[in-house]
>>> print(open('model.cif').read())   # mmCIF, C-alpha atoms and all ligand atoms
data_query
loop_
_atom_site.group_PDB
_atom_site.id
_atom_site.type_symbol
_atom_site.label_atom_id
_atom_site.label_comp_id
_atom_site.auth_asym_id
_atom_site.auth_seq_id
_atom_site.Cartn_x
_atom_site.Cartn_y
_atom_site.Cartn_z
ATOM 1 C CA ARG A 1478 29.910 69.174 68.110
ATOM 2 C CA GLN A 1479 28.392 66.476 70.276
ATOM 3 C CA THR A 1480 25.931 65.628 67.495
ATOM 4 C CA TYR A 1481 28.820 65.382 65.041
ATOM 5 C CA ASP A 1482 30.466 62.740 67.230
ATOM 6 C CA LEU A 1483 27.165 60.856 67.597
ATOM 7 C CA VAL A 1484 26.733 60.689 63.823
ATOM 8 C CA CYS A 1485 30.338 59.467 63.431
ATOM 9 C CA ASP A 1486 29.614 56.750 66.025
ATOM 10 C CA ALA A 1487 26.457 55.738 64.140
ATOM 11 C CA TYR A 1488 28.448 55.454 60.892
ATOM 12 C CA ARG A 1489 31.078 53.430 62.721
ATOM 13 C CA SER A 1490 28.515 50.949 64.069
ATOM 14 C CA LEU A 1491 26.859 50.702 60.640
ATOM 15 C CA PHE A 1492 30.131 49.653 58.978
ATOM 16 C CA ASP A 1493 30.908 47.333 61.920
ATOM 17 C CA ARG A 1494 27.558 45.587 61.511
ATOM 18 C CA LEU A 1495 28.185 45.200 57.793
ATOM 19 C CA GLY A 1496 31.501 43.554 58.691
ATOM 20 C CA LEU A 1497 33.481 45.951 56.507
ATOM 21 C CA PRO A 1498 37.118 46.781 57.259
ATOM 22 C CA PHE A 1499 36.863 50.593 57.294
ATOM 23 C CA VAL A 1500 39.049 53.424 58.510
ATOM 24 C CA LYS A 1501 37.870 56.840 59.644
ATOM 25 C CA VAL A 1502 40.338 59.420 58.387
ATOM 26 C CA LYS A 1503 40.790 63.142 58.769
ATOM 27 C CA ALA A 1504 39.532 64.744 55.581
ATOM 28 C CA ALA A 1505 39.762 68.015 53.725
ATOM 29 C CA THR A 1506 36.707 70.245 54.135
ATOM 30 C CA GLY A 1507 36.955 71.386 50.507
ATOM 31 C CA SER A 1508 34.453 73.903 49.181
ATOM 32 C CA ILE A 1509 31.852 72.997 51.844
ATOM 33 C CA GLY A 1510 34.107 74.392 54.526
ATOM 34 C CA GLY A 1511 33.767 74.053 58.261
ATOM 35 C CA THR A 1512 36.387 73.187 60.825
ATOM 36 C CA VAL A 1513 36.353 69.392 61.142
ATOM 37 C CA SER A 1514 35.719 66.695 58.578
ATOM 38 C CA HIS A 1515 36.167 62.934 58.353
ATOM 39 C CA GLU A 1516 35.872 60.360 55.627
ATOM 40 C CA PHE A 1517 34.966 56.719 56.112
ATOM 41 C CA GLN A 1518 37.165 54.747 53.751
ATOM 42 C CA LEU A 1519 37.420 51.100 52.739
ATOM 43 C CA PRO A 1520 41.078 50.324 52.026
ATOM 44 C CA ALA A 1521 41.351 48.893 48.486
ATOM 45 C CA ASP A 1522 43.944 48.990 45.704
ATOM 46 C CA ILE A 1523 41.436 50.408 43.219
ATOM 47 C CA GLY A 1524 40.525 53.260 45.598
ATOM 48 C CA GLU A 1525 40.876 56.833 44.350
ATOM 49 C CA ASP A 1526 41.879 58.377 47.664
ATOM 50 C CA ARG A 1527 45.346 58.099 49.149
ATOM 51 C CA LEU A 1528 45.514 57.602 52.905
ATOM 52 C CA VAL A 1529 48.217 57.562 55.561
ATOM 53 C CA LEU A 1530 47.682 55.503 58.702
ATOM 54 C CA CYS A 1531 49.491 54.834 61.969
ATOM 55 C CA PRO A 1532 49.723 51.027 62.269
ATOM 56 C CA HIS A 1533 48.609 51.396 65.925
ATOM 57 C CA GLY A 1534 45.542 53.458 65.031
ATOM 58 C CA HIS A 1535 46.607 56.827 66.535
ATOM 59 C CA PHE A 1536 46.479 58.714 63.290
ATOM 60 C CA ALA A 1537 44.593 58.373 60.018
ATOM 61 C CA ALA A 1538 44.314 61.010 57.326
ATOM 62 C CA ASN A 1539 43.622 61.604 53.682
ATOM 63 C CA VAL A 1540 46.918 62.860 52.153
ATOM 64 C CA GLU A 1541 45.013 65.976 51.005
ATOM 65 C CA THR A 1542 45.032 67.173 54.608
ATOM 66 C CA LEU A 1543 48.788 66.885 55.142
ATOM 67 C CA ASN A 1544 51.100 69.871 55.029
ATOM 68 C CA GLY A 1545 54.048 68.546 53.114
ATOM 69 C CA GLU A 1546 55.541 65.131 53.732
ATOM 70 C CA GLN A 1547 54.477 63.553 57.003
ATOM 71 C CA THR A 1548 56.067 60.150 57.513
ATOM 72 C CA SER A 1549 55.736 59.389 61.221
ATOM 73 C CA CYS A 1550 52.856 59.224 63.689
ATOM 74 C CA PRO A 1551 52.558 62.403 65.788
ATOM 75 C CA THR A 1552 51.589 60.284 68.825
ATOM 76 C CA CYS A 1553 53.940 57.289 68.806
ATOM 77 C CA GLY A 1554 56.507 58.172 66.149
ATOM 78 C CA GLU A 1555 55.926 54.944 64.221
ATOM 79 C CA ASN A 1556 56.312 55.130 60.430
ATOM 80 C CA LEU A 1557 52.962 55.841 58.783
ATOM 81 C CA THR A 1558 51.743 53.323 56.226
ATOM 82 C CA ARG A 1559 50.169 54.352 52.947
ATOM 83 C CA THR A 1560 47.119 52.794 51.362
ATOM 84 C CA LYS A 1561 44.421 53.641 48.854
ATOM 85 C CA GLY A 1562 40.781 53.841 49.856
ATOM 86 C CA ILE A 1563 37.233 53.997 48.526
ATOM 87 C CA GLU A 1564 35.253 56.750 50.244
ATOM 88 C CA VAL A 1565 31.884 55.457 51.485
ATOM 89 C CA GLY A 1566 30.913 58.176 53.938
ATOM 90 C CA HIS A 1567 31.798 61.797 54.716
ATOM 91 C CA THR A 1568 30.993 63.991 57.710
ATOM 92 C CA PHE A 1569 31.444 67.760 58.101
ATOM 93 C CA TYR A 1570 31.264 69.849 61.223
ATOM 94 C CA LEU A 1571 30.338 73.288 59.933
ATOM 95 C CA GLY A 1572 30.049 75.130 63.242
ATOM 96 C CA THR A 1573 28.544 78.562 62.653
ATOM 97 C CA LYS A 1574 30.031 79.090 59.187
ATOM 98 C CA TYR A 1575 26.622 79.293 57.501
ATOM 99 C CA SER A 1576 24.371 80.172 60.435
ATOM 100 C CA SER A 1577 26.395 83.338 61.083
ATOM 101 C CA VAL A 1578 25.864 84.467 57.480
ATOM 102 C CA PHE A 1579 22.117 83.860 57.603
ATOM 103 C CA ASN A 1580 21.849 84.839 61.239
ATOM 104 C CA ALA A 1581 20.145 81.496 61.955
ATOM 105 C CA ALA A 1582 19.774 81.899 65.691
ATOM 106 C CA PHE A 1583 17.630 80.369 68.406
ATOM 107 C CA TYR A 1584 16.958 81.240 72.027
ATOM 108 C CA SER A 1585 18.860 79.303 74.654
ATOM 109 C CA PRO A 1586 17.139 78.131 77.873
ATOM 110 C CA GLU A 1587 18.523 81.355 79.407
ATOM 111 C CA ASN A 1588 16.603 83.257 76.723
ATOM 112 C CA LYS A 1589 19.732 84.476 74.935
ATOM 113 C CA PRO A 1590 20.013 84.393 71.117
ATOM 114 C CA GLN A 1591 22.526 81.783 69.977
ATOM 115 C CA LEU A 1592 23.795 80.884 66.515
ATOM 116 C CA ALA A 1593 22.872 77.366 65.386
ATOM 117 C CA GLU A 1594 25.728 74.919 65.002
ATOM 118 C CA MET A 1595 25.550 72.930 61.823
ATOM 119 C CA GLY A 1596 26.856 69.694 60.387
ATOM 120 C CA CYS A 1597 26.306 67.755 57.191
ATOM 121 C CA TYR A 1598 26.668 64.071 56.628
ATOM 122 C CA GLY A 1599 26.503 61.616 53.776
ATOM 123 C CA LEU A 1600 26.725 57.906 53.050
ATOM 124 C CA GLY A 1601 27.236 56.653 49.493
ATOM 125 C CA MET A 1602 24.513 54.024 49.410
ATOM 126 C CA THR A 1603 25.177 52.492 45.992
ATOM 127 C CA ARG A 1604 28.884 52.921 46.482
ATOM 128 C CA ILE A 1605 28.740 50.931 49.734
ATOM 129 C CA LEU A 1606 27.237 48.034 47.733
ATOM 130 C CA ALA A 1607 29.903 48.147 45.034
ATOM 131 C CA ALA A 1608 32.787 48.801 47.421
ATOM 132 C CA SER A 1609 31.852 46.027 49.849
ATOM 133 C CA ILE A 1610 31.791 43.512 46.982
ATOM 134 C CA GLU A 1611 35.169 44.867 45.877
ATOM 135 C CA VAL A 1612 36.830 44.401 49.268
ATOM 136 C CA LEU A 1613 35.134 41.127 50.354
ATOM 137 C CA SER A 1614 35.030 39.088 47.134
ATOM 138 C CA THR A 1615 37.555 36.519 45.971
ATOM 139 C CA GLU A 1616 38.737 35.770 42.435
ATOM 140 C CA ASP A 1617 35.837 33.385 41.686
ATOM 141 C CA SER A 1618 33.085 34.281 44.129
ATOM 142 C CA ILE A 1619 31.176 37.414 45.039
ATOM 143 C CA ARG A 1620 30.792 38.021 48.733
ATOM 144 C CA TRP A 1621 28.291 40.399 50.246
ATOM 145 C CA PRO A 1622 28.058 41.577 53.804
ATOM 146 C CA SER A 1623 25.480 39.091 55.149
ATOM 147 C CA LEU A 1624 23.106 41.875 56.159
ATOM 148 C CA ILE A 1625 22.707 43.200 52.627
ATOM 149 C CA ALA A 1626 23.046 39.978 50.596
ATOM 150 C CA PRO A 1627 20.005 39.746 48.270
ATOM 151 C CA TYR A 1628 19.356 36.201 49.537
ATOM 152 C CA GLN A 1629 20.959 34.362 52.442
ATOM 153 C CA LEU A 1630 20.595 30.844 51.183
ATOM 154 C CA CYS A 1631 20.581 28.806 47.971
ATOM 155 C CA LEU A 1632 19.318 25.221 47.930
ATOM 156 C CA ILE A 1633 20.622 22.906 45.191
ATOM 157 C CA PRO A 1634 18.751 19.618 44.629
ATOM 158 C CA PRO A 1635 20.339 16.726 42.696
ATOM 159 C CA LYS A 1636 20.573 16.606 38.910
ATOM 160 C CA ARG A 1637 17.586 15.052 37.187
ATOM 161 C CA GLY A 1638 18.119 11.334 36.587
ATOM 162 C CA SER A 1639 21.077 11.055 38.994
ATOM 163 C CA ARG A 1640 21.344 8.358 41.615
ATOM 164 C CA GLU A 1641 20.911 10.998 44.359
ATOM 165 C CA GLU A 1642 17.631 11.987 42.770
ATOM 166 C CA GLU A 1643 16.434 8.392 42.675
ATOM 167 C CA GLU A 1644 17.176 8.207 46.383
ATOM 168 C CA GLU A 1645 14.851 11.156 46.954
ATOM 169 C CA GLY A 1646 17.561 13.749 47.425
ATOM 170 C CA ALA A 1647 15.179 16.467 46.251
ATOM 171 C CA THR A 1648 12.513 15.450 48.761
ATOM 172 C CA LEU A 1649 15.058 15.371 51.579
ATOM 173 C CA LEU A 1650 16.223 18.852 50.650
ATOM 174 C CA GLU A 1651 12.625 20.004 50.605
ATOM 175 C CA GLN A 1652 12.284 18.726 54.153
ATOM 176 C CA VAL A 1653 15.273 20.862 55.147
ATOM 177 C CA TYR A 1654 13.490 23.875 53.693
ATOM 178 C CA ASN A 1655 10.162 23.038 55.353
ATOM 179 C CA ASP A 1656 11.771 22.623 58.766
ATOM 180 C CA LEU A 1657 13.761 25.799 58.211
ATOM 181 C CA ALA A 1658 10.606 27.722 57.319
ATOM 182 C CA GLU A 1659 9.038 26.522 60.536
ATOM 183 C CA VAL A 1660 11.964 27.127 62.926
ATOM 184 C CA LEU A 1661 13.517 30.161 61.189
ATOM 185 C CA PRO A 1662 10.623 31.802 59.314
ATOM 186 C CA HIS A 1663 12.670 34.973 58.711
ATOM 187 C CA LEU A 1664 15.009 32.941 56.470
ATOM 188 C CA ALA A 1665 12.244 31.300 54.444
ATOM 189 C CA GLY A 1666 11.748 34.358 52.248
ATOM 190 C CA ASP A 1667 15.495 34.809 52.008
ATOM 191 C CA SER A 1668 16.078 31.458 50.292
ATOM 192 C CA VAL A 1669 16.339 30.475 46.642
ATOM 193 C CA LEU A 1670 15.755 26.981 45.253
ATOM 194 C CA ASP A 1671 17.877 26.402 42.146
ATOM 195 C CA ASP A 1672 15.597 23.864 40.449
ATOM 196 C CA ARG A 1673 17.408 23.896 37.123
ATOM 197 C CA THR A 1674 17.856 20.167 37.653
ATOM 198 C CA GLN A 1675 18.862 19.598 34.032
ATOM 199 C CA MET A 1676 22.221 21.129 35.093
ATOM 200 C CA THR A 1677 24.877 19.401 37.178
ATOM 201 C CA ILE A 1678 25.318 20.376 40.815
ATOM 202 C CA GLY A 1679 28.813 21.690 39.969
ATOM 203 C CA LYS A 1680 27.502 24.158 37.370
ATOM 204 C CA ARG A 1681 24.794 25.447 39.691
ATOM 205 C CA LEU A 1682 27.292 25.748 42.542
ATOM 206 C CA LYS A 1683 29.476 27.886 40.284
ATOM 207 C CA ASP A 1684 26.523 30.165 39.526
ATOM 208 C CA ALA A 1685 25.728 30.351 43.241
ATOM 209 C CA ASN A 1686 29.283 31.537 43.884
ATOM 210 C CA LYS A 1687 28.930 34.212 41.234
ATOM 211 C CA LEU A 1688 25.718 35.484 42.839
ATOM 212 C CA GLY A 1689 27.228 35.466 46.318
ATOM 213 C CA TYR A 1690 24.720 33.635 48.540
ATOM 214 C CA PRO A 1691 26.349 33.497 51.997
ATOM 215 C CA TYR A 1692 25.151 29.863 52.367
ATOM 216 C CA VAL A 1693 24.599 27.127 49.793
ATOM 217 C CA VAL A 1694 23.048 23.783 50.801
ATOM 218 C CA VAL A 1695 23.601 20.935 48.336
ATOM 219 C CA ALA A 1696 21.900 17.532 48.237
ATOM 220 C CA GLY A 1697 25.038 15.760 46.995
ATOM 221 C CA LYS A 1698 26.362 12.190 47.179
ATOM 222 C CA ARG A 1699 26.139 11.887 50.948
ATOM 223 C CA VAL A 1700 22.412 12.544 50.946
ATOM 224 C CA ARG A 1701 22.144 8.762 50.428
ATOM 225 C CA GLU A 1702 23.613 8.095 53.867
ATOM 226 C CA ASP A 1703 21.488 7.320 56.918
ATOM 227 C CA PRO A 1704 20.826 9.869 58.296
ATOM 228 C CA PRO A 1705 21.201 11.969 55.128
ATOM 229 C CA VAL A 1706 24.128 14.400 55.080
ATOM 230 C CA PHE A 1707 24.051 17.714 53.187
ATOM 231 C CA GLU A 1708 26.975 19.666 51.813
ATOM 232 C CA VAL A 1709 26.924 23.231 53.143
ATOM 233 C CA TRP A 1710 29.094 26.007 51.694
ATOM 234 C CA ASP A 1711 29.688 28.761 54.210
ATOM 235 C CA GLN A 1712 31.037 31.412 51.856
ATOM 236 C CA ASN A 1713 32.066 34.031 54.384
ATOM 237 C CA ALA A 1714 34.044 31.500 56.439
ATOM 238 C CA GLY A 1715 35.340 29.956 53.190
ATOM 239 C CA GLU A 1716 34.584 26.391 54.290
ATOM 240 C CA VAL A 1717 32.496 23.375 53.310
ATOM 241 C CA LEU A 1718 30.647 21.498 56.047
ATOM 242 C CA PHE A 1719 28.863 18.160 55.972
ATOM 243 C CA LEU A 1720 25.778 18.366 58.157
ATOM 244 C CA THR A 1721 22.551 16.530 58.881
ATOM 245 C CA LYS A 1722 19.263 18.371 58.551
ATOM 246 C CA GLU A 1723 19.422 19.359 62.237
ATOM 247 C CA GLY A 1724 23.007 20.555 61.767
ATOM 248 C CA VAL A 1725 22.020 22.738 58.802
ATOM 249 C CA ILE A 1726 19.250 24.376 60.813
ATOM 250 C CA GLU A 1727 21.512 24.950 63.792
ATOM 251 C CA LEU A 1728 24.139 26.594 61.582
ATOM 252 C CA LEU A 1729 21.569 28.834 59.896
ATOM 253 C CA SER A 1730 19.980 29.848 63.185
ATOM 254 C CA LYS A 1731 23.066 32.043 63.709
ATOM 255 C CA VAL A 1732 22.387 34.073 60.567
ATOM 256 C CA ARG A 1733 21.302 37.632 61.250
ATOM 257 C CA VAL A 1734 18.956 39.215 58.756
ATOM 258 C CA PRO A 1735 17.542 42.725 58.977
HETATM 259 ZN ZN ZN B 1801 50.845 56.016 66.361
#
>>> encode(input="model.cif", output="structure tokens")
Amino acid sequence: RQTYDLVCDAYRSLFDRLGLPFVKVKAATGSIGGTVSHEFQLPADIGEDRLVLCPHGHFAANVETLNGEQTSCPTCGENLTRTKGIEVGHTFYLGTKYSSVFNAAFYSPENKPQLAEMGCYGLGMTRILAASIEVLSTEDSIRWPSLIAPYQLCLIPPKRGSREEEEEGATLLEQVYNDLAEVLPHLAGDSVLDDRTQMTIGKRLKDANKLGYPYVVVAGKRVREDPPVFEVWDQNAGEVLFLTKEGVIELLSKVRVP
């Protein structure tokens, strides 16, 4: 039973690190059986599971587990709220349900035969990918949890033949990358240069939003200033910053990659 709780804690810290808004709910044990079971759910309108939650966090359950209509929290009496969820993890504490049938026993330190206690656990790996995009994205941009984004950073140099290009915008952006590779080598392989310079910056920025890079650095109009200023899209914070090369590197030094 202690191991069961440890695995639940590990799942909890995994979803915390991914920055996903999850709830751990009491779940039906179904045909697997056992005495205790929990699901890890991401609340979302398209979810297939129906959940009831105490707004203060005392109680959370899949409706499958309720006997009849339960409308208030057993701890604080507050009205329970209903939501739909996408199941991304499931844990079962089986106890001795199977070990007693197979007589799967071991000897305790006191040399007495004891039935093994069992549990089974599962994370939906591909479902976590799809579900996190579902709950984090906006209407026109994909957002990944930073830790599992395919690339952290997209660099967009000026359009070919533009005034920014004449003023060496592309070279300045290259310097950002070179400095970045030196100071933050772990990000160097996590960066993409969108050198389709026949396209406008706007078009490439739109594509970058669709692919969901957490950060996009653009050599736009203000790259002609002294010192040059880059346009930085911080997708997860939903803001645009104007930063010098040093500012870009300072911002990106906070990025955690696995
Ligand atoms: Zn409550």
>>> closest_residue(input="model.cif", among="A:Ala1537, A:Ala1647, A:Val1484, A:Val1653", to="ligand ZN 1801 (chain B)", atoms="only C-alpha atoms and all ligand atoms")
A:Ala1537
>>> residues_near_ligand(input="model.cif", ligand="ligand ZN 1801 (chain B)", cutoff="10 Å", atoms="all atoms listed in the file", output="VMD selection string")
chain A and resid 1530 to 1537 1549 to 1557
>>> residues_around(input="model.cif", residues="Arg1604 of chain A", least_positions_apart="4", cutoff="10 Å", atoms="all atoms listed in the file", output="number ranges by chain")
A: 1563-1566, 1600, 1608-1610
>>> write_last_selection(input="model.cif", atoms="C-alpha atoms", output="PDB file, in the frame of the given file")
ATOM      1  CA  ILE A1563      37.233  53.997  48.526  1.00  0.00           C
ATOM      2  CA  GLU A1564      35.253  56.750  50.244  1.00  0.00           C
ATOM      3  CA  VAL A1565      31.884  55.457  51.485  1.00  0.00           C
ATOM      4  CA  GLY A1566      30.913  58.176  53.938  1.00  0.00           C
ATOM      5  CA  LEU A1600      26.725  57.906  53.050  1.00  0.00           C
ATOM      6  CA  ALA A1608      32.787  48.801  47.421  1.00  0.00           C
ATOM      7  CA  SER A1609      31.852  46.027  49.849  1.00  0.00           C
ATOM      8  CA  ILE A1610      31.791  43.512  46.982  1.00  0.00           C
TER       9      ILE A1610
END
>>> closest_residue(input="model.cif", among="A:Ala1505, A:Ala1582, A:Leu1650, A:Met1602", to="Asn1544 of chain A", atoms="all atoms listed in the file")
A:Ala1505
>>> atom_distance(input="model.cif", atom1="atom CA of Leu1491 of chain A", atom2="atom CA of Ala1658 of chain A")
28.3 Å
>>> closest_residue(input="model.cif", among="A:Asp1486, A:Asp1684, A:Asp1703, A:Glu1546", to="Phe1517 of chain A", atoms="all atoms listed in the file")
A:Asp1486
>>> closest_residue(input="model.cif", among="A:Ile1726, A:Asn1539, A:Tyr1570, A:Leu1519", to="Glu1659 of chain A", atoms="only C-alpha atoms")
A:Ile1726
>>> atom_distance(input="model.cif", atom1="atom CA of Asn1686 of chain A", atom2="atom CA of Arg1640 of chain A")
24.6 Å
>>> residues_around(input="model.cif", residues="Ala1504 of chain A", least_positions_apart="4", cutoff="7 Å", atoms="all atoms listed in the file", output="VMD selection string")
chain A and resid 1514 to 1516 1538 to 1539 1542
